[in-house]
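Enquirer: Handing you a structure now.
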Amino acid sequence: MAPLLNRMLTPRFQTVLASAWISKRVAAKYVQEYIKQIREQGKQPEAKREVIAFAPPIQVQVLDVGESASYEALDAINGGEDSLFHARIKQNLVFGVSDGVGGWNESGIDPSVFSRSLTAYSATAAERSFLLHDSDEADPKDIMRRAFASMRYDNIPAYGSATELVVSLSLASGKLRTAQLGDSTYVLLDQKQKARFVSTEQQHRFNMPFQLTIPPISEVPLKPRSEDAKESAQFFRPRPLDDDPKEALRIRKEIDADDFADLSSVGFDAPTDARENTHTMAHNEVVVAATDGLFDNVRVDEVEKLAERFMQAIGKIQNVKDVPALESKATATSDLFGGLAYSIAAQAVANYIQGDLRSPFAERAKLAGYSFTGGKPDDVTVMLAWIKDTSKPDQKISNLSAKL
């Protein structure tokens, strides 16, 4: 019976999770140097000029998430005012992004402390989710709720606001559940790398997204934070569980009892305002989740074209039969998927430095009655999840005949 039971408990789905991020400050520094190099090249005779690749220093992490793959959770990143997390709970992969609201800088409050603390608390909330069975699904809205309530219970001095998108993928069923509060959004790409679902921003009005807030208890006597300070900003992680089970249960009940009525009564948003969605994912589909730094600057069709190029290359590697070892093939495909995450983030940086670009942000601004041209410089954080259905090992990436 044991071997049969083990087969029954093995997740049907696996995923490759690729994350890419770059802060606005790091990108600006790179762009300045890149422009300087271009100008220096222009002084050279045409015969001696070389092509200078646009390659901003974007951070990339790629993980194979499956039954046999080793896994280590991540609870925050150094992404300017952006942050991200991913964690596993039984047969669920939970991941998400958060974007600190920059307006707090003027009050001397560093928004990155709030966003990084929020993702750290979200990762822990995911790992502490109570699931009776291995195949039970994690609830992203409940994870957001418990994370924010725990921040309030711990009374940490992480003041400010942030948007958040929390995504849970059941590796047992392939069901994707999302909780979105604000303008961090996601796109689902089908097997042909065409968008089959595009989430929309959740805003009170133009450029004012829904957001979670912990207001300062008193006026903060600080000067506006510099961009350099955000790169080394500290953040807060949840307290360890109490060794006394009764005390741990008491604390959990008190956290669960938080209905955020004090915030709602003065017009602040709460996790209960998060928009929920559920999707059934299929083999070789891709989830693209990101802060607004991506979709303010990159159109969905641009993401589709990049995904088509890289996923076709991955499909060709999968079809090669003379690869010496399966591990080499797996490494090559994972590296390419990481390259897709990098390229999507790089496209955002390349777009937002163009002053005459009709960016998605500029188009939305026009609809709202504002005059705006070009891209919108911002921190950029992207998370991609490539879904693999292990019950269909012979299915490959679509459209392999197309040229790269």
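Scheme for the structure tokens: letters A, B, ... for chains in order shown; per-chain residue numbers from 1; ligand numbers from 1 in order shown.
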Could you produce a table of the residues of region 245-280 of chain A lying within 12 Å of region 155-168 of chain A, with the nearest pair of atoms per residue and their separation in Å rounded to one decimal, using only C-alpha atoms, ordered by chain and increasing residue number, as CSV?
Expert:
```
residue,atom,partner,partner_atom,distance
A:Ile255,CA,A:Asn155,CA,11.8
A:Phe268,CA,A:Ser161,CA,10.0
A:Asp269,CA,A:Ser161,CA,9.9
A:Ala270,CA,A:Thr163,CA,10.6
A:Pro271,CA,A:Glu164,CA,9.4
A:Asp273,CA,A:Glu164,CA,11.5
A:Ala274,CA,A:Leu165,CA,8.8
A:Arg275,CA,A:Leu165,CA,9.5
A:Glu276,CA,A:Val166,CA,9.7
A:Asn277,CA,A:Val167,CA,9.6
A:Thr278,CA,A:Ser168,CA,9.6
A:His279,CA,A:Ser168,CA,10.5
A:Thr280,CA,A:Ser168,CA,11.7
```
Enquirer: Could you turn the residues from that selection into a file that holds all heavy atoms, as a short mmCIF file (atom, residue, chain, number, x, y, z; two decimals), in the first residue's frame?
Expert:
```cif
data_model
loop_
_atom_site.label_atom_id
_atom_site.label_comp_id
_atom_site.auth_asym_id
_atom_site.auth_seq_id
_atom_site.Cartn_x
_atom_site.Cartn_y
_atom_site.Cartn_z
N ILE A 255 -5.35 37.73 16.79
CA ILE A 255 -5.03 38.20 15.44
C ILE A 255 -6.23 37.97 14.51
O ILE A 255 -6.61 38.84 13.72
CB ILE A 255 -3.78 37.50 14.90
CG1 ILE A 255 -2.54 37.99 15.66
CG2 ILE A 255 -3.62 37.72 13.40
CD1 ILE A 255 -1.27 37.23 15.35
N PHE A 268 -9.62 54.10 5.46
CA PHE A 268 -8.50 53.31 4.97
C PHE A 268 -8.99 51.97 4.42
O PHE A 268 -10.03 51.45 4.83
CB PHE A 268 -7.48 53.05 6.09
CG PHE A 268 -6.67 54.25 6.47
CD1 PHE A 268 -6.66 54.72 7.77
CD2 PHE A 268 -5.90 54.93 5.52
CE1 PHE A 268 -5.91 55.82 8.14
CE2 PHE A 268 -5.15 56.03 5.88
CZ PHE A 268 -5.15 56.50 7.18
N ASP A 269 -8.22 51.41 3.49
CA ASP A 269 -8.55 50.10 2.93
C ASP A 269 -8.09 48.99 3.87
O ASP A 269 -7.20 49.18 4.72
CB ASP A 269 -7.88 49.92 1.57
CG ASP A 269 -8.23 51.05 0.61
OD1 ASP A 269 -9.42 51.38 0.52
OD2 ASP A 269 -7.30 51.59 -0.03
N ALA A 270 -8.66 47.82 3.70
CA ALA A 270 -8.33 46.65 4.52
C ALA A 270 -8.21 45.42 3.63
O ALA A 270 -8.67 45.42 2.49
CB ALA A 270 -9.41 46.44 5.58
N PRO A 271 -7.60 44.35 4.15
CA PRO A 271 -7.49 43.12 3.35
C PRO A 271 -8.84 42.59 2.88
O PRO A 271 -8.92 41.92 1.85
CB PRO A 271 -6.81 42.14 4.31
CG PRO A 271 -6.03 43.01 5.25
CD PRO A 271 -6.87 44.24 5.43
N ASP A 273 -11.00 44.21 1.51
CA ASP A 273 -11.33 44.89 0.25
C ASP A 273 -10.64 44.25 -0.95
O ASP A 273 -10.89 44.66 -2.09
CB ASP A 273 -10.93 46.36 0.32
CG ASP A 273 -11.69 47.13 1.38
OD1 ASP A 273 -12.94 46.99 1.41
OD2 ASP A 273 -11.07 47.86 2.18
N ALA A 274 -9.75 43.30 -0.71
CA ALA A 274 -8.99 42.70 -1.81
C ALA A 274 -9.93 41.98 -2.78
O ALA A 274 -10.89 41.33 -2.38
CB ALA A 274 -7.96 41.72 -1.26
N ARG A 275 -9.62 42.11 -4.05
CA ARG A 275 -10.38 41.46 -5.11
C ARG A 275 -9.87 40.03 -5.28
O ARG A 275 -8.66 39.80 -5.40
CB ARG A 275 -10.23 42.25 -6.40
CG ARG A 275 -10.96 41.65 -7.60
CD ARG A 275 -10.51 42.35 -8.87
NE ARG A 275 -10.81 43.78 -8.84
CZ ARG A 275 -10.12 44.69 -9.52
NH1 ARG A 275 -9.08 44.33 -10.24
NH2 ARG A 275 -10.46 45.96 -9.46
N GLU A 276 -10.78 39.05 -5.33
CA GLU A 276 -10.40 37.64 -5.45
C GLU A 276 -10.74 37.10 -6.84
O GLU A 276 -11.73 37.49 -7.45
CB GLU A 276 -11.14 36.82 -4.40
CG GLU A 276 -10.76 37.12 -2.98
CD GLU A 276 -11.52 36.27 -1.98
OE1 GLU A 276 -12.67 36.66 -1.65
OE2 GLU A 276 -10.99 35.23 -1.56
N ASN A 277 -9.90 36.18 -7.30
CA ASN A 277 -10.16 35.46 -8.55
C ASN A 277 -9.65 34.03 -8.42
O ASN A 277 -8.72 33.75 -7.65
CB ASN A 277 -9.47 36.14 -9.74
CG ASN A 277 -10.36 37.15 -10.43
OD1 ASN A 277 -11.50 36.86 -10.80
ND2 ASN A 277 -9.86 38.38 -10.59
N THR A 278 -10.25 33.15 -9.20
CA THR A 278 -9.82 31.75 -9.25
C THR A 278 -9.71 31.32 -10.70
O THR A 278 -10.59 31.62 -11.52
CB THR A 278 -10.82 30.84 -8.51
OG1 THR A 278 -10.94 31.26 -7.15
CG2 THR A 278 -10.34 29.39 -8.54
N HIS A 279 -8.63 30.61 -11.04
CA HIS A 279 -8.39 30.16 -12.40
C HIS A 279 -7.90 28.72 -12.36
O HIS A 279 -7.20 28.31 -11.44
CB HIS A 279 -7.33 31.02 -13.09
CG HIS A 279 -7.54 32.50 -12.95
ND1 HIS A 279 -8.31 33.23 -13.82
CD2 HIS A 279 -7.07 33.38 -12.02
CE1 HIS A 279 -8.31 34.50 -13.45
NE2 HIS A 279 -7.57 34.62 -12.36
N THR A 280 -8.23 27.96 -13.38
CA THR A 280 -7.70 26.61 -13.55
C THR A 280 -6.57 26.68 -14.57
O THR A 280 -6.78 27.07 -15.72
CB THR A 280 -8.79 25.64 -14.03
OG1 THR A 280 -9.83 25.59 -13.04
CG2 THR A 280 -8.20 24.24 -14.22
#
```
Enquirer: Might you pull out every residue within 6 Å of Ala76 (chain A), with only C-alpha atoms counted and same-chain residues fewer than 5 positions away left off, and present them as a list in words?
Expert: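 Listing them by chain and then by number gives Ser83, Leu84, Phe85, Arg116, Thr119 and Ala120 of chain A.
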Enquirer: Any chance you could export the current selection's all heavy atoms as a short mmCIF file (atom, residue, chain, number, x, y, z; two decimals), in the first residue's frame?
Expert:
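Below you can see result.cif, which holds the result:
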```
data_model
loop_
_atom_site.label_atom_id
_atom_site.label_comp_id
_atom_site.auth_asym_id
_atom_site.auth_seq_id
_atom_site.Cartn_x
_atom_site.Cartn_y
_atom_site.Cartn_z
N SER A 83 8.77 44.90 -3.06
CA SER A 83 9.26 43.68 -2.42
C SER A 83 8.46 42.51 -2.98
O SER A 83 7.45 42.69 -3.67
CB SER A 83 9.11 43.75 -0.90
OG SER A 83 9.79 42.66 -0.27
N LEU A 84 8.93 41.30 -2.71
CA LEU A 84 8.23 40.09 -3.13
C LEU A 84 8.47 38.99 -2.12
O LEU A 84 9.34 39.09 -1.24
CB LEU A 84 8.66 39.64 -4.53
CG LEU A 84 10.10 39.19 -4.79
CD1 LEU A 84 10.37 37.75 -4.31
CD2 LEU A 84 10.44 39.28 -6.26
N PHE A 85 7.71 37.91 -2.23
CA PHE A 85 7.91 36.74 -1.37
C PHE A 85 7.44 35.50 -2.09
O PHE A 85 6.66 35.56 -3.05
CB PHE A 85 7.14 36.89 -0.05
CG PHE A 85 5.66 36.63 -0.17
CD1 PHE A 85 5.13 35.37 0.10
CD2 PHE A 85 4.79 37.63 -0.58
CE1 PHE A 85 3.76 35.12 -0.02
CE2 PHE A 85 3.43 37.39 -0.71
CZ PHE A 85 2.91 36.13 -0.43
N ARG A 116 8.45 45.65 2.56
CA ARG A 116 9.27 44.47 2.88
C ARG A 116 8.75 43.74 4.11
O ARG A 116 8.76 42.51 4.17
CB ARG A 116 10.73 44.89 3.07
CG ARG A 116 11.36 45.44 1.81
CD ARG A 116 12.79 45.89 2.02
NE ARG A 116 13.21 46.77 0.94
CZ ARG A 116 14.42 47.27 0.80
NH1 ARG A 116 15.35 46.99 1.69
NH2 ARG A 116 14.72 48.06 -0.22
N THR A 119 5.64 41.71 2.99
CA THR A 119 5.93 40.44 2.32
C THR A 119 6.53 39.43 3.28
O THR A 119 6.27 38.23 3.17
CB THR A 119 6.87 40.64 1.11
OG1 THR A 119 8.10 41.26 1.53
CG2 THR A 119 6.21 41.49 0.03
N ALA A 120 7.33 39.91 4.25
CA ALA A 120 7.89 38.98 5.24
C ALA A 120 6.78 38.35 6.08
O ALA A 120 6.78 37.14 6.35
CB ALA A 120 8.89 39.71 6.13
#
```
Enquirer: Give me the residues within 9 Å of region 331-345 of chain A as a PyMOL selection string, counting only C-alpha atoms and dropping any in the same chain fewer than 3 places off.
Expert: chain A and resi 16-22+58-64+288+293-294+298+302-303+306-307+309-311+313-315+317-318+326-328+348-350+380-384+386
Enquirer: Do you have, as CSV, the list of residues of region 271-359 of chain A lying at most 8 Å from region 183-191 of chain A, each with its nearest atom pair and that distance in Å to one decimal, counting only C-alpha atoms and ordered by chain then number?
Expert:
```
residue,atom,partner,partner_atom,distance
A:Ala282,CA,A:Asp190,CA,7.9
A:His283,CA,A:Gln191,CA,7.3
A:Asn284,CA,A:Gln191,CA,5.4
A:Glu285,CA,A:Asp190,CA,4.8
A:Val286,CA,A:Leu189,CA,5.1
A:Val287,CA,A:Leu188,CA,4.8
A:Val288,CA,A:Val187,CA,5.1
A:Ala289,CA,A:Tyr186,CA,4.2
A:Ala290,CA,A:Ser184,CA,5.7
A:Thr291,CA,A:Ser184,CA,4.2
A:Asp292,CA,A:Ser184,CA,5.3
A:Phe295,CA,A:Thr185,CA,7.9
A:Glu304,CA,A:Leu189,CA,7.5
```
Enquirer: One decimal, Å: what's the distance from CA of Pro11 (chain A) over to CA of Gln91 (chain A), could you say?
Expert: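 So the two atoms, CA of Pro11 (chain A) and CA of Gln91 (chain A), lie 6.6 Å apart.
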Enquirer: Hey, what does DSSP flag as alpha helix (DSSP H) within region 30-111 of chain A? Can you give it to me as a list in words?
Expert: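 Across region 30-111 of chain A, those assigned alpha helix (DSSP H) are Tyr30, Val31, Gln32, Glu33, Tyr34, Ile35, Lys36, Gln37, Ile38, Arg39, Glu40, Gln41, Gly42 and Pro111 of chain A.
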Enquirer: Given the choices A:Met281, A:Leu212, A:Ala365, A:Ala147, which gets closest to Arg128 (chain A) if the distance is worked out from only C-alpha atoms?
Expert: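 Ranked by minimum distance to Arg128 (chain A), first place goes to A:Ala147.
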Enquirer: Determine which residues of region 7-77 of chain A receive a DSSP assignment of strand (DSSP E), computed from the backbone, and state them as number ranges by chain.
Expert: A: 13-22, 59-65
Enquirer: Which residues, written as a list in words, have at least one atom at most 10 Å from Tyr352 (chain A), with only C-alpha atoms counted and residues fewer than 2 positions away on the same chain left out?
Expert: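 The neighbour list is Gly293, Leu294, Asp296, Asn297, Val298, Gln347, Ala348, Val349, Ala350, Gln354, Gly355, Asp356, Leu357, Arg358, Ser359, Phe361, Gly374, Gly375, Lys376, Pro377 and Asp378 of chain A.
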Enquirer: Given the choices A:Lys321, A:Lys43, A:Arg25, A:Arg237, which gets closest to Phe148 (chain A) if the distance is worked out from only C-alpha atoms?
Expert: A:Arg237
Enquirer: When you draw a straight line from CA of Asp256 (chain A) to CA of Ile143 (chain A), how long is it in Å?
Expert: 11.0 Å
Enquirer: Rank nothing, just name the residue among A:Asp242, A:Asp99, A:Asp139, A:Glu247 nearest to Ser23 (chain A), using only C-alpha atoms.
Expert: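 Distance minimum relative to Ser23 (chain A) lands on A:Asp99.
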Enquirer: For Ala149 (chain A), which of A:Ser115, A:Ser122, A:Asn319, A:Ser265 is the closest residue, counting only C-alpha atoms?
Expert: A:Ser122
